[in-house]
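Here is query.pdb, consisting of PDB, C-alpha atoms and all ligand atoms:
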ATOM      1  CA  MET N   1       3.266 -30.680   2.061
ATOM      2  CA  PRO N   2       1.154 -28.206   0.051
ATOM      3  CA  ALA N   3      -0.761 -25.558   1.963
ATOM      4  CA  GLN N   4      -4.339 -26.032   3.063
ATOM      5  CA  LEU N   5      -6.686 -23.823   1.045
ATOM      6  CA  MET N   6      -8.828 -21.307   2.922
ATOM      7  CA  ASP N   7     -12.175 -21.732   1.225
ATOM      8  CA  GLY N   8     -13.741 -18.275   1.122
ATOM      9  CA  LYS N   9     -16.518 -19.456  -1.145
ATOM     10  CA  ALA N  10     -17.856 -22.024   1.337
ATOM     11  CA  LEU N  11     -17.601 -19.659   4.310
ATOM     12  CA  ALA N  12     -19.252 -16.841   2.342
ATOM     13  CA  GLU N  13     -22.160 -19.139   1.511
ATOM     14  CA  ARG N  14     -22.652 -19.868   5.188
ATOM     15  CA  ILE N  15     -22.547 -16.163   6.050
ATOM     16  CA  ARG N  16     -25.073 -15.423   3.317
ATOM     17  CA  ARG N  17     -27.478 -17.960   4.834
ATOM     18  CA  GLU N  18     -27.085 -16.274   8.247
ATOM     19  CA  VAL N  19     -27.647 -12.856   6.659
ATOM     20  CA  ALA N  20     -30.809 -14.150   4.928
ATOM     21  CA  GLU N  21     -32.227 -15.172   8.317
ATOM     22  CA  GLU N  22     -31.418 -11.768   9.803
ATOM     23  CA  VAL N  23     -33.035  -9.996   6.845
ATOM     24  CA  GLU N  24     -36.168 -12.044   7.408
ATOM     25  CA  GLN N  25     -36.244 -11.032  11.078
ATOM     26  CA  LEU N  26     -35.750  -7.358  10.235
ATOM     27  CA  GLY N  27     -38.508  -7.336   7.629
ATOM     28  CA  GLU N  28     -37.303  -4.926   4.996
ATOM     29  CA  VAL N  29     -33.656  -4.100   4.290
ATOM     30  CA  GLY N  30     -32.659  -1.871   1.362
ATOM     31  CA  LEU N  31     -29.329  -1.548  -0.437
ATOM     32  CA  THR N  32     -28.782   0.932  -3.261
ATOM     33  CA  THR N  33     -25.836   0.684  -5.607
ATOM     34  CA  ILE N  34     -24.660   3.521  -7.841
ATOM     35  CA  LEU N  35     -22.530   3.011 -10.899
ATOM     36  CA  VAL N  36     -21.373   6.026 -12.899
ATOM     37  CA  GLY N  37     -20.180   5.225 -16.414
ATOM     38  CA  ASP N  38     -19.709   1.850 -18.069
ATOM     39  CA  ASP N  39     -16.419   0.436 -16.839
ATOM     40  CA  PRO N  40     -16.755  -3.315 -17.601
ATOM     41  CA  ALA N  41     -15.002  -4.494 -14.401
ATOM     42  CA  SER N  42     -17.206  -2.214 -12.263
ATOM     43  CA  GLU N  43     -20.294  -3.555 -14.039
ATOM     44  CA  ILE N  44     -19.328  -7.099 -13.095
ATOM     45  CA  TYR N  45     -18.758  -6.118  -9.451
ATOM     46  CA  ILE N  46     -22.101  -4.299  -9.277
ATOM     47  CA  ARG N  47     -23.945  -7.222 -10.879
ATOM     48  CA  ARG N  48     -22.431  -9.656  -8.354
ATOM     49  CA  LYS N  49     -23.306  -7.428  -5.407
ATOM     50  CA  GLN N  50     -26.854  -6.936  -6.699
ATOM     51  CA  GLU N  51     -27.349 -10.684  -7.212
ATOM     52  CA  ALA N  52     -25.925 -11.513  -3.779
ATOM     53  CA  ALA N  53     -28.142  -8.912  -2.084
ATOM     54  CA  LYS N  54     -31.305 -10.144  -3.821
ATOM     55  CA  GLU N  55     -30.460 -13.758  -3.000
ATOM     56  CA  VAL N  56     -30.554 -12.992   0.754
ATOM     57  CA  GLY N  57     -33.808 -11.027   0.466
ATOM     58  CA  ILE N  58     -32.339  -7.510   0.558
ATOM     59  CA  LEU N  59     -34.270  -5.037  -1.601
ATOM     60  CA  ALA N  60     -31.542  -4.014  -4.007
ATOM     61  CA  ARG N  61     -31.876  -0.925  -6.190
ATOM     62  CA  ASP N  62     -29.395  -0.223  -8.932
ATOM     63  CA  TYR N  63     -28.717   3.310 -10.237
ATOM     64  CA  ARG N  64     -26.821   3.488 -13.520
ATOM     65  CA  LEU N  65     -25.653   6.999 -14.359
ATOM     66  CA  ALA N  66     -24.103   8.119 -17.635
ATOM     67  CA  GLU N  67     -20.326   8.588 -17.935
ATOM     68  CA  GLU N  68     -20.832  12.367 -18.354
ATOM     69  CA  THR N  69     -22.860  12.742 -15.106
ATOM     70  CA  THR N  70     -21.817  15.898 -13.271
ATOM     71  CA  GLU N  71     -20.647  15.955  -9.674
ATOM     72  CA  GLU N  72     -23.728  18.007  -8.753
ATOM     73  CA  GLU N  73     -26.071  15.398 -10.248
ATOM     74  CA  LEU N  74     -24.366  12.602  -8.340
ATOM     75  CA  LEU N  75     -24.371  14.569  -5.076
ATOM     76  CA  ASP N  76     -28.095  15.301  -5.576
ATOM     77  CA  LEU N  77     -28.836  11.601  -5.929
ATOM     78  CA  ILE N  78     -26.779  10.754  -2.831
ATOM     79  CA  THR N  79     -28.638  13.448  -0.853
ATOM     80  CA  GLN N  80     -31.975  11.922  -1.918
ATOM     81  CA  LEU N  81     -30.851   8.427  -0.934
ATOM     82  CA  ASN N  82     -29.544   9.681   2.427
ATOM     83  CA  ALA N  83     -33.036  11.022   3.157
ATOM     84  CA  ASP N  84     -34.871   7.917   1.895
ATOM     85  CA  ASP N  85     -35.956   5.825   4.839
ATOM     86  CA  LYS N  86     -36.153   2.671   2.729
ATOM     87  CA  VAL N  87     -32.435   2.867   1.954
ATOM     88  CA  ASP N  88     -30.264   1.264   4.645
ATOM     89  CA  GLY N  89     -27.058   1.038   2.645
ATOM     90  CA  ILE N  90     -25.522   3.077  -0.183
ATOM     91  CA  LEU N  91     -22.754   1.628  -2.258
ATOM     92  CA  LEU N  92     -20.975   3.981  -4.630
ATOM     93  CA  GLN N  93     -18.887   1.940  -7.050
ATOM     94  CA  LEU N  94     -15.369   3.331  -7.573
ATOM     95  CA  PRO N  95     -13.571   4.568  -9.612
ATOM     96  CA  LEU N  96     -15.671   7.571 -10.654
ATOM     97  CA  PRO N  97     -15.154   9.508 -13.902
ATOM     98  CA  ASP N  98     -12.581  12.322 -13.767
ATOM     99  CA  GLN N  99     -15.080  15.221 -13.605
ATOM    100  CA  ILE N 100     -16.273  13.975 -10.193
ATOM    101  CA  ASP N 101     -14.237  14.544  -7.036
ATOM    102  CA  GLU N 102     -14.197  11.028  -5.588
ATOM    103  CA  GLN N 103     -13.502  12.117  -2.022
ATOM    104  CA  ARG N 104     -16.344  14.648  -2.103
ATOM    105  CA  ALA N 105     -18.752  11.945  -3.307
ATOM    106  CA  ILE N 106     -17.595   9.495  -0.612
ATOM    107  CA  GLU N 107     -18.058  12.157   2.059
ATOM    108  CA  ALA N 108     -21.569  12.947   0.801
ATOM    109  CA  VAL N 109     -22.820   9.475   1.807
ATOM    110  CA  ASP N 110     -24.497   9.364   5.225
ATOM    111  CA  PRO N 111     -21.922   7.528   7.418
ATOM    112  CA  ALA N 112     -24.790   5.467   8.881
ATOM    113  CA  LYS N 113     -25.512   4.119   5.361
ATOM    114  CA  ASP N 114     -21.865   3.837   4.288
ATOM    115  CA  VAL N 115     -21.788   0.032   3.940
ATOM    116  CA  ASP N 116     -18.426   0.220   2.142
ATOM    117  CA  GLY N 117     -16.855   1.879   5.199
ATOM    118  CA  PHE N 118     -15.078   4.484   3.046
ATOM    119  CA  HIS N 119     -16.431   7.623   4.762
ATOM    120  CA  PRO N 120     -13.779   9.402   6.895
ATOM    121  CA  LEU N 121     -16.027   9.039   9.945
ATOM    122  CA  ASN N 122     -16.060   5.243   9.620
ATOM    123  CA  ALA N 123     -12.362   5.138   8.688
ATOM    124  CA  GLY N 124     -11.667   7.324  11.746
ATOM    125  CA  ARG N 125     -13.715   5.097  14.021
ATOM    126  CA  LEU N 126     -11.653   2.125  12.818
ATOM    127  CA  TRP N 127      -8.447   4.063  13.513
ATOM    128  CA  LEU N 128      -9.673   4.813  17.051
ATOM    129  CA  GLY N 129     -10.761   1.220  17.653
ATOM    130  CA  LEU N 130     -14.454   2.199  17.863
ATOM    131  CA  ASP N 131     -17.334   0.233  16.397
ATOM    132  CA  GLY N 132     -18.452   1.359  12.938
ATOM    133  CA  LEU N 133     -18.865   0.154   9.368
ATOM    134  CA  VAL N 134     -15.602  -1.355   8.098
ATOM    135  CA  ALA N 135     -14.846  -2.061   4.424
ATOM    136  CA  GLY N 136     -15.863  -5.527   3.183
ATOM    137  CA  THR N 137     -12.508  -6.860   2.034
ATOM    138  CA  PRO N 138     -10.548  -6.312   5.279
ATOM    139  CA  THR N 139     -13.436  -7.563   7.423
ATOM    140  CA  GLY N 140     -13.812 -10.613   5.198
ATOM    141  CA  ILE N 141     -10.098 -11.385   5.544
ATOM    142  CA  ILE N 142     -10.253 -11.376   9.358
ATOM    143  CA  THR N 143     -13.399 -13.543   9.322
ATOM    144  CA  LEU N 144     -11.619 -16.043   7.079
ATOM    145  CA  LEU N 145      -8.495 -16.100   9.294
ATOM    146  CA  ASP N 146     -10.713 -16.716  12.342
ATOM    147  CA  GLU N 147     -12.585 -19.511  10.596
ATOM    148  CA  TYR N 148      -9.292 -21.358  10.054
ATOM    149  CA  GLY N 149      -8.133 -20.673  13.624
ATOM    150  CA  VAL N 150      -5.101 -18.622  12.586
ATOM    151  CA  PRO N 151      -3.553 -17.136  15.746
ATOM    152  CA  LEU N 152      -3.239 -13.364  15.428
ATOM    153  CA  GLU N 153      -2.282 -12.274  18.932
ATOM    154  CA  GLY N 154       1.484 -11.803  19.024
ATOM    155  CA  ALA N 155       1.824 -12.956  15.404
ATOM    156  CA  HIS N 156       3.918 -10.945  12.982
ATOM    157  CA  ALA N 157       1.527  -9.799  10.255
ATOM    158  CA  VAL N 158       2.919  -8.214   7.110
ATOM    159  CA  VAL N 159       0.526  -6.336   4.819
ATOM    160  CA  VAL N 160       1.735  -5.526   1.309
ATOM    161  CA  GLY N 161      -0.245  -2.561  -0.058
ATOM    162  CA  ARG N 162      -1.484   0.559   1.735
ATOM    163  CA  SER N 163      -4.705   1.468  -0.070
ATOM    164  CA  ASN N 164      -7.578   2.983   1.902
ATOM    165  CA  ILE N 165      -9.884   0.128   0.908
ATOM    166  CA  VAL N 166      -7.677  -2.869   1.713
ATOM    167  CA  GLY N 167      -4.104  -2.377   2.977
ATOM    168  CA  LYS N 168      -4.616   0.268   5.677
ATOM    169  CA  PRO N 169      -7.898  -1.070   7.136
ATOM    170  CA  VAL N 170      -6.693  -4.690   7.223
ATOM    171  CA  ALA N 171      -3.508  -3.551   8.984
ATOM    172  CA  LEU N 172      -5.636  -1.758  11.616
ATOM    173  CA  LEU N 173      -7.881  -4.794  12.111
ATOM    174  CA  LEU N 174      -4.811  -7.013  12.580
ATOM    175  CA  LEU N 175      -3.391  -4.499  15.056
ATOM    176  CA  ALA N 176      -6.704  -4.477  16.922
ATOM    177  CA  ARG N 177      -6.286  -8.249  17.252
ATOM    178  CA  ASN N 178      -2.850  -7.724  18.833
ATOM    179  CA  ALA N 179      -0.715  -8.764  15.879
ATOM    180  CA  THR N 180       2.577  -6.930  15.341
ATOM    181  CA  VAL N 181       1.978  -5.295  11.984
ATOM    182  CA  THR N 182       4.330  -4.181   9.216
ATOM    183  CA  ILE N 183       2.895  -2.312   6.214
ATOM    184  CA  CYS N 184       4.827  -2.482   2.929
ATOM    185  CA  HIS N 185       4.291  -0.495  -0.286
ATOM    186  CA  SER N 186       5.939   0.404  -3.571
ATOM    187  CA  ARG N 187       8.822   2.265  -1.862
ATOM    188  CA  THR N 188       9.645  -0.486   0.640
ATOM    189  CA  ALA N 189      13.411  -0.965   0.326
ATOM    190  CA  ASP N 190      13.611  -4.758   0.591
ATOM    191  CA  LEU N 191      10.160  -6.312   0.227
ATOM    192  CA  ALA N 192      11.346  -9.928   0.444
ATOM    193  CA  ALA N 193      13.177  -9.264   3.727
ATOM    194  CA  GLU N 194       9.892  -7.977   5.196
ATOM    195  CA  THR N 195       7.564 -10.659   3.806
ATOM    196  CA  ARG N 196       9.883 -13.467   4.981
ATOM    197  CA  GLN N 197       9.228 -12.306   8.573
ATOM    198  CA  ALA N 198       5.494 -12.822   8.240
ATOM    199  CA  ASP N 199       3.525 -15.411  10.160
ATOM    200  CA  VAL N 200       0.497 -13.912   8.403
ATOM    201  CA  LEU N 201       1.079 -12.317   5.003
ATOM    202  CA  VAL N 202      -1.688 -10.258   3.353
ATOM    203  CA  VAL N 203      -0.995  -9.129  -0.189
ATOM    204  CA  ALA N 204      -3.129  -6.417  -1.847
ATOM    205  CA  VAL N 205      -1.093  -4.907  -4.662
ATOM    206  CA  GLY N 206      -2.569  -5.643  -8.091
ATOM    207  CA  GLU N 207       0.496  -7.266  -9.673
ATOM    208  CA  ALA N 208       0.120 -10.898 -10.747
ATOM    209  CA  GLY N 209       2.589 -13.271  -9.086
ATOM    210  CA  LEU N 210       4.511 -10.541  -7.212
ATOM    211  CA  ILE N 211       5.094 -12.790  -4.189
ATOM    212  CA  SER N 212       7.321 -15.760  -5.052
ATOM    213  CA  PRO N 213       7.958 -18.826  -2.819
ATOM    214  CA  GLU N 214      11.340 -17.564  -1.540
ATOM    215  CA  MET N 215       9.588 -14.462  -0.175
ATOM    216  CA  VAL N 216       7.448 -16.548   2.188
ATOM    217  CA  LYS N 217       8.307 -18.144   5.519
ATOM    218  CA  GLU N 218       7.748 -21.913   5.657
ATOM    219  CA  GLY N 219       4.287 -22.633   7.107
ATOM    220  CA  ALA N 220       3.058 -19.013   6.936
ATOM    221  CA  THR N 221      -0.587 -18.081   6.374
ATOM    222  CA  VAL N 222      -0.925 -16.244   3.057
ATOM    223  CA  VAL N 223      -3.949 -14.141   2.071
ATOM    224  CA  ASP N 224      -3.983 -13.176  -1.589
ATOM    225  CA  VAL N 225      -6.279 -10.229  -2.251
ATOM    226  CA  GLY N 226      -5.083  -9.559  -5.810
ATOM    227  CA  MET N 227      -7.469  -9.944  -8.722
ATOM    228  CA  ASN N 228      -5.504  -9.514 -11.907
ATOM    229  CA  ARG N 229      -6.947 -10.235 -15.327
ATOM    230  CA  THR N 230      -4.184 -11.889 -17.357
ATOM    231  CA  ASP N 231      -4.056 -13.834 -20.635
ATOM    232  CA  GLU N 232      -4.116 -16.997 -18.519
ATOM    233  CA  GLY N 233      -7.261 -15.847 -16.674
ATOM    234  CA  LEU N 234      -7.779 -14.366 -13.211
ATOM    235  CA  ARG N 235      -4.557 -14.410 -11.160
ATOM    236  CA  GLY N 236      -3.684 -13.322  -7.641
ATOM    237  CA  ASP N 237      -0.708 -11.290  -6.440
ATOM    238  CA  VAL N 238       0.846 -14.483  -5.083
ATOM    239  CA  ASP N 239       2.644 -16.994  -7.307
ATOM    240  CA  PRO N 240       0.654 -20.288  -7.099
ATOM    241  CA  ALA N 241       3.963 -22.078  -6.277
ATOM    242  CA  VAL N 242       3.811 -20.387  -2.831
ATOM    243  CA  ALA N 243       1.245 -23.076  -1.934
ATOM    244  CA  GLU N 244       4.191 -25.508  -1.657
ATOM    245  CA  ARG N 245       5.668 -23.445   1.184
ATOM    246  CA  ALA N 246       2.750 -21.834   3.011
ATOM    247  CA  GLY N 247       0.714 -23.530   5.740
ATOM    248  CA  LEU N 248      -2.578 -21.935   4.721
ATOM    249  CA  ILE N 249      -3.358 -19.955   1.584
ATOM    250  CA  THR N 250      -6.394 -18.366  -0.082
ATOM    251  CA  PRO N 251      -7.153 -19.457  -3.651
ATOM    252  CA  VAL N 252      -7.849 -16.930  -6.439
ATOM    253  CA  PRO N 253     -10.689 -17.026  -7.274
ATOM    254  CA  GLY N 254     -12.693 -18.396  -4.333
ATOM    255  CA  GLY N 255     -10.760 -16.875  -1.422
ATOM    256  CA  VAL N 256     -11.070 -13.209  -0.504
ATOM    257  CA  GLY N 257     -13.492 -12.198  -3.321
ATOM    258  CA  PRO N 258     -16.599 -14.024  -2.012
ATOM    259  CA  MET N 259     -15.779 -12.906   1.548
ATOM    260  CA  THR N 260     -15.833  -9.263   0.427
ATOM    261  CA  ILE N 261     -19.389  -9.581  -0.865
ATOM    262  CA  ALA N 262     -20.566 -11.553   2.181
ATOM    263  CA  SER N 263     -19.132  -8.843   4.456
ATOM    264  CA  LEU N 264     -20.903  -6.153   2.450
ATOM    265  CA  LEU N 265     -24.210  -7.963   3.046
ATOM    266  CA  ARG N 266     -23.410  -8.218   6.749
ATOM    267  CA  ASN N 267     -22.670  -4.487   6.819
ATOM    268  CA  THR N 268     -26.027  -3.757   5.191
ATOM    269  CA  VAL N 269     -27.841  -5.714   7.906
ATOM    270  CA  LYS N 270     -25.727  -4.004  10.578
ATOM    271  CA  ALA N 271     -26.617  -0.567   9.159
ATOM    272  CA  ALA N 272     -30.307  -1.530   8.965
ATOM    273  CA  ARG N 273     -30.306  -2.757  12.554
ATOM    274  CA  ALA N 274     -28.561   0.399  13.829
ATOM    275  CA  ARG N 275     -31.031   2.657  12.008
ATOM    276  CA  ARG N 276     -33.998   0.868  13.565
ATOM    277  CA  CYS N 277     -32.772   1.300  17.149
TER
HETATM  278  P1  LIG N 301      -4.269   0.068  -5.053
HETATM  279  O1  LIG N 301      -3.741   0.215  -6.442
HETATM  280  O2  LIG N 301      -5.145   1.128  -4.487
HETATM  281  O3  LIG N 301      -3.028  -0.124  -4.055
HETATM  282  C1  LIG N 301      -1.966  -0.967  -4.374
HETATM  283  C2  LIG N 301      -0.926  -0.889  -3.288
HETATM  284  O4  LIG N 301       0.135  -1.758  -3.645
HETATM  285  C3  LIG N 301      -0.327   0.492  -3.106
HETATM  286  O5  LIG N 301      -0.244   0.793  -1.723
HETATM  287  C4  LIG N 301       1.056   0.382  -3.738
HETATM  288  O6  LIG N 301       2.044   1.162  -3.102
HETATM  289  C5  LIG N 301       1.376  -1.072  -3.508
HETATM  290  N1  LIG N 301       2.344  -1.577  -4.485
HETATM  291  C6  LIG N 301       2.325  -1.438  -5.820
HETATM  292  N2  LIG N 301       3.374  -2.066  -6.389
HETATM  293  C7  LIG N 301       4.074  -2.612  -5.368
HETATM  294  C8  LIG N 301       5.269  -3.381  -5.299
HETATM  295  N3  LIG N 301       5.929  -3.732  -6.404
HETATM  296  N4  LIG N 301       5.705  -3.760  -4.095
HETATM  297  C9  LIG N 301       5.013  -3.440  -2.965
HETATM  298  N5  LIG N 301       3.891  -2.710  -2.967
HETATM  299  C10 LIG N 301       3.423  -2.302  -4.157
HETATM  300  O7  LIG N 301      -4.979  -1.351  -5.025
HETATM  301  P2  LIG N 301      -6.155  -1.962  -4.096
HETATM  302  O8  LIG N 301      -5.728  -2.028  -2.679
HETATM  303  O9  LIG N 301      -7.430  -1.314  -4.436
HETATM  304  O10 LIG N 301      -6.220  -3.444  -4.701
HETATM  305  C11 LIG N 301      -5.114  -4.310  -4.683
HETATM  306  C12 LIG N 301      -5.467  -5.593  -5.393
HETATM  307  O11 LIG N 301      -6.534  -6.210  -4.717
HETATM  308  C13 LIG N 301      -5.964  -5.420  -6.836
HETATM  309  O12 LIG N 301      -5.569  -6.551  -7.592
HETATM  310  C14 LIG N 301      -7.469  -5.414  -6.699
HETATM  311  O13 LIG N 301      -8.119  -5.849  -7.875
HETATM  312  C15 LIG N 301      -7.632  -6.417  -5.590
HETATM  313  N6  LIG N 301      -8.852  -6.257  -4.814
HETATM  314  C16 LIG N 301      -9.553  -7.391  -4.568
HETATM  315  C17 LIG N 301     -10.684  -7.347  -3.811
HETATM  316  C18 LIG N 301     -11.383  -8.610  -3.539
HETATM  317  O14 LIG N 301     -12.521  -8.582  -3.098
HETATM  318  N7  LIG N 301     -10.759  -9.761  -3.735
HETATM  319  C19 LIG N 301     -11.213  -6.084  -3.284
HETATM  320  C20 LIG N 301     -10.356  -4.943  -3.533
HETATM  321  C21 LIG N 301      -9.218  -5.048  -4.283
HETATM  322  P3  LIG N 301       2.030   2.789  -3.094
HETATM  323  O15 LIG N 301       1.000   3.155  -2.083
HETATM  324  O16 LIG N 301       3.411   3.131  -2.694
HETATM  325  O17 LIG N 301       1.675   3.202  -4.492
END

Once you've parsed the file, please lay out its structure as C-alpha cells.
Amino acid sequence: MPAQLMDGKALAERIRREVAEEVEQLGEVGLTTILVGDDPASEIYIRRKQEAAKEVGILARDYRLAEETTEEELLDLITQLNADDKVDGILLQLPLPDQIDEQRAIEAVDPAKDVDGFHPLNAGRLWLGLDGLVAGTPTGIITLLDEYGVPLEGAHAVVVGRSNIVGKPVALLLLARNATVTICHSRTADLAAETRQADVLVVAVGEAGLISPEMVKEGATVVDVGMNRTDEGLRGDVDPAVAERAGLITPVPGGVGPMTIASLLRNTVKAARARRC
C-alpha cells in the first residue's frame, strides 16, 4: 500500500490562520527581511516569506542591498534594526556575498529578534534544551510529525545531513522528544545500513533522489527536506518510489517547504510577544 502523504501545505495554512489571530491580538508585529545581492533562488524565498507575513497581518519590510555591499554597511543596517522598536524579527537571507563574513553577520542580529534561530545564543539554547528561537525548517518538521501522530519517544530517528540550519537542529529536537538519533553525512561509511534502521527518516542533503526504496524500512515515516531544481522540475532528496514502501511521507513540493514559512511566522509572533513582556 502506498504511503500516506503528510500534507504540509494544509497544516501550514491552519497555522497561518492561528498566527493571523495572534497578530491581531498583539496589535503591531514587524518582520524585516534583508537580501544582499540578486541570487534568483534567494529572491523567490524572500518574496514568499514577505507575502506570507503580509497575509497574516505582519508589517513586513524588505531591504534589498546591492551585491557589492560591504560587511560594514550590512552590520550598520543590522545595528539600526536591532535598535528599532517596531522590528520584532530580522531575517537575513543566506548565502551572503563572499566579501561578507556570514558568521559575523549572523552574530550581529539581536538574539531576541533572530527569528531564523541561527544566532549562537539560540543554537546554544537548543543544545541545552532551553526555550529559544529555533530555525523554521526543523520546528516545522516536528510540528508535521506531531500532526500525523508519529511516535517519537523510543523511536529510532535517522537524520541525513548535518547542516546548522536543518540536520543538526532537527536531530536535537528529535532527541529532546526522546528519540534515539543517528546523524549521517557525506563521510558516513554505509548510508543505506543506517537509513534502513530508521523508524523516522529525515533527509536534508540537496541531492535529488539520493534515498532509494531499498534504503528505507517498510512502513517508516520519511521526511524529505530536499528542494532540488532539476530538468524535470522541483525534486526532493527521496526517490518518489519510496512512497511504495514508507508508511508516511512528505511530498515535494507541499511538505516541509510550507511548514518552514509557517514556523517562521510563528517565531515572529513569539519574538514579538517576548519583547512586549
Ligand atoms: P547543506 O549543503 O548545508 O548540507 C547538506 C548535508 O548533506 C551536509 O551535512 C552533507 O554532509 C550531507 N551530504 C551531502 N552529500 C551526502 C551524501 N551523498 N550522503 C550523505 N550525506 C550527504 O544543505 P542544507 O541542510 O542547507 O539543505 C539540504 C537540502 O534541504 C537542500 O536541498 C535545500 O534546498 C533543502 N532545504 C529545504 C528547506 C525547506 O524549507 N524545504 C529549508 C532548507 C533547506 P557534510 O556535512 O559531510 O558535507

6 Å shell around ligand LIG 301 (chain N) using only C-alpha atoms and all ligand atoms, listed as a VMD selection string: chain N and resid 137 160 to 163 165 to 167 184 to 187 204 to 206 225 to 228 256 to 257 260

Selection as a PyMOL selection string: residues within 9 Å of (-24.9, -9.4, 13.3), counting all atoms listed in the file: chain N and resi 18-19+22+266-267+269-270+273

Within 12 Å of Thr139 of chain N using all atoms listed in the file, minus same-chain residues under 6 positions, as a PyMOL selection string: chain N and resi 115-117+126+132-133+145-146+165-174+256-267

Residue among N:Arg177, N:Arg245, N:Arg276, N:Lys217 lying closest to Ala193 of chain N, counting all atoms listed in the file: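 Checking each of N:Arg177, N:Arg245, N:Arg276, N:Lys217 against Ala193 of chain N, counting all atoms listed in the file, the winner is N:Lys217.
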
All residues 8 Å or closer to segment 92-106 of chain N, only C-alpha atoms, same chain fewer than 6 positions away omitted, as a list of chain:residue names: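 Residues near the query, excluding close chain neighbours: N:Thr33, N:Ile34, N:Leu35, N:Val36, N:Gly37, N:Ser42, N:Ile46, N:Glu67, N:Glu68, N:Thr70, N:Glu71, N:Leu74, N:Leu75, N:Phe118, N:His119.
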
Residues from last step as file, C-alpha atoms, as a PDB file, in the coordinates of the input:
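The resulting file, result.pdb, is shown below:
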ATOM      1  CA  THR N  33     -25.836   0.684  -5.607  1.00  0.00           C
ATOM      2  CA  ILE N  34     -24.660   3.521  -7.841  1.00  0.00           C
ATOM      3  CA  LEU N  35     -22.530   3.011 -10.899  1.00  0.00           C
ATOM      4  CA  VAL N  36     -21.373   6.026 -12.899  1.00  0.00           C
ATOM      5  CA  GLY N  37     -20.180   5.225 -16.414  1.00  0.00           C
ATOM      6  CA  SER N  42     -17.206  -2.214 -12.263  1.00  0.00           C
ATOM      7  CA  ILE N  46     -22.101  -4.299  -9.277  1.00  0.00           C
ATOM      8  CA  GLU N  67     -20.326   8.588 -17.935  1.00  0.00           C
ATOM      9  CA  GLU N  68     -20.832  12.367 -18.354  1.00  0.00           C
ATOM     10  CA  THR N  70     -21.817  15.898 -13.271  1.00  0.00           C
ATOM     11  CA  GLU N  71     -20.647  15.955  -9.674  1.00  0.00           C
ATOM     12  CA  LEU N  74     -24.366  12.602  -8.340  1.00  0.00           C
ATOM     13  CA  LEU N  75     -24.371  14.569  -5.076  1.00  0.00           C
ATOM     14  CA  PHE N 118     -15.078   4.484   3.046  1.00  0.00           C
ATOM     15  CA  HIS N 119     -16.431   7.623   4.762  1.00  0.00           C
TER      16      HIS N 119
END

Residue members of the PyMOL selection byres (((chain N and resi 191) around 12) and not hetatm) in the file shown, as a PyMOL selection string: chain N and resi 158-161+182-190+192-198+201+203+210-212+214-216

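The spacing separating atom CA of Asn122 of chain N from atom CA of Val134 of chain N amounts to 6.8 Å.
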
At the level of N, CA, C and O atoms, write segment 46-56 of chain N to a file as a compact mmCIF listing (two decimals), in the first residue's frame, please.
# COMPACT_ATOMS: atom_id res chain seq x y z
N ILE N 46 12.62 35.04 -0.40
CA ILE N 46 12.26 36.30 0.27
C ILE N 46 10.84 36.73 -0.12
O ILE N 46 10.05 37.13 0.73
N ARG N 47 10.53 36.61 -1.40
CA ARG N 47 9.19 37.02 -1.86
C ARG N 47 8.12 36.20 -1.13
O ARG N 47 7.14 36.73 -0.64
N ARG N 48 8.35 34.88 -1.04
CA ARG N 48 7.37 34.01 -0.37
C ARG N 48 7.20 34.38 1.09
O ARG N 48 6.10 34.41 1.62
N LYS N 49 8.32 34.65 1.75
CA LYS N 49 8.26 34.99 3.18
C LYS N 49 7.56 36.33 3.37
O LYS N 49 6.74 36.48 4.29
N GLN N 50 7.86 37.29 2.50
CA GLN N 50 7.20 38.59 2.57
C GLN N 50 5.69 38.44 2.37
O GLN N 50 4.90 38.99 3.13
N GLU N 51 5.31 37.69 1.34
CA GLU N 51 3.87 37.51 1.05
C GLU N 51 3.16 36.85 2.23
O GLU N 51 2.09 37.26 2.64
N ALA N 52 3.81 35.80 2.77
CA ALA N 52 3.19 35.05 3.88
C ALA N 52 3.04 35.95 5.10
O ALA N 52 2.00 35.92 5.78
N ALA N 53 4.05 36.78 5.36
CA ALA N 53 3.99 37.67 6.53
C ALA N 53 2.85 38.68 6.36
O ALA N 53 2.05 38.90 7.28
N LYS N 54 2.77 39.28 5.18
CA LYS N 54 1.74 40.30 4.94
C LYS N 54 0.34 39.68 5.05
O LYS N 54 -0.58 40.29 5.60
N GLU N 55 0.22 38.47 4.54
CA GLU N 55 -1.09 37.78 4.55
C GLU N 55 -1.62 37.61 5.98
O GLU N 55 -2.83 37.64 6.19
N VAL N 56 -0.73 37.43 6.96
CA VAL N 56 -1.21 37.25 8.35
C VAL N 56 -1.22 38.56 9.12
O VAL N 56 -1.41 38.57 10.33
